[in-house]
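Okay, so here's the structure we're looking at.
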Amino acid sequence: MGGKRSRKAPISGLGDDMALGWLIRFLIAVVAVRMAWKFFSGLLEGAAQRPRVPPRHGVKLVRDPVCGTYVDRSRAVSARGRGGVHYFCSEDCRTAYRRDPRGSAARA
Ligand SMILES: [Zn+2]
């Protein structure tokens with residue numbers, strides 16, 4: 001009658017294996033997070049370094065015929081009308097011009 005049982009690995013040993021597994025997973029996660037962080041920070045830097053507005057010396061000012069304000073042409077609201085393209089400081093002015101182009105032109 002034997003007690004010839006094959007003893008299973010002690011729980012502590014099993015725990016070590018699991019700990020190693022978790023450690024590897026943790027390291028992989030850290031590497032993945034760092035790569036993702038580098039990727040996103042690179043994107044942010046690229047977006048920040050790209051100039052959103054052209055340099056000042058290239059700015060052309062145009063006069064809004066409705067309210068008389070001078071506006072940066074690249075930011076102005078444009079509309080085709082009699083005598084070519086007109087530029088406005090806002091949608092409101094363009095709408096006003098379209099509603100009454102003669103009145104606006106008379107005031108300009
Ligand atoms: Zn205006």
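Order determines the names: the first chain of the structure tokens is A, the second B, and so forth; residues in each chain are numbered 1 upward, and ligands are numbered 1 upward as they are shown.
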* Would you list the residues that come within 6 Å of ligand 1? Count only C-alpha atoms and all ligand atoms and give the answer as a list of chain:residue names. => A:Asp64, A:Val66, A:Cys67, A:Thr69, A:Phe88, A:Cys89, A:Ser90, A:Cys93
Next, dump the selected residues to file, keeping only C-alpha atoms, as a compact mmCIF listing (two decimals), in the first residue's frame.
```
# COMPACT_ATOMS: atom_id res chain seq x y z
CA ASP A 64 -15.97 95.33 -45.61
CA VAL A 66 -21.21 96.98 -45.23
CA CYS A 67 -19.68 98.14 -41.96
CA THR A 69 -14.17 97.36 -41.17
CA PHE A 88 -16.90 90.89 -45.32
CA CYS A 89 -15.96 90.70 -41.67
CA SER A 90 -18.78 88.29 -40.88
CA CYS A 93 -22.42 91.60 -43.16
```
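The list of residues with at least one atom within 9 Å of stretch 79-84 of chain A, based on only C-alpha atoms and without residues fewer than 3 positions apart in the same chain, reads Tyr87, Phe88, Arg94, Arg98 and Pro101 of chain A.
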Got time to write the residues from that selection, N, CA and C atoms, as a short mmCIF file (atom, residue, chain, number, x, y, z; two decimals), in the first residue's frame?
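Saved file selection.cif follows:
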```
data_model
loop_
_atom_site.label_atom_id
_atom_site.label_comp_id
_atom_site.auth_asym_id
_atom_site.auth_seq_id
_atom_site.Cartn_x
_atom_site.Cartn_y
_atom_site.Cartn_z
N TYR A 87 -15.50 91.24 -49.83
CA TYR A 87 -15.10 90.57 -48.60
C TYR A 87 -15.77 91.24 -47.42
N PHE A 88 -16.17 90.38 -46.48
CA PHE A 88 -16.90 90.89 -45.32
C PHE A 88 -16.30 90.35 -44.03
N ARG A 94 -22.27 89.86 -44.84
CA ARG A 94 -22.50 89.30 -46.17
C ARG A 94 -23.99 89.18 -46.44
N ARG A 98 -26.08 91.00 -49.38
CA ARG A 98 -26.89 90.29 -50.37
C ARG A 98 -28.33 90.77 -50.35
N PRO A 101 -27.60 95.04 -51.81
CA PRO A 101 -26.27 95.37 -52.32
C PRO A 101 -26.13 96.84 -52.70
#
```
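Computed from the coordinates, the atom CA of A:Leu27 to atom CA of A:Phe39 distance equals 18.3 Å.
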* To do: Please indicate the distance in Å from atom CA of A:Ala76 to atom CA of A:Val59, rounded to one decimal place.
  => 11.5 Å
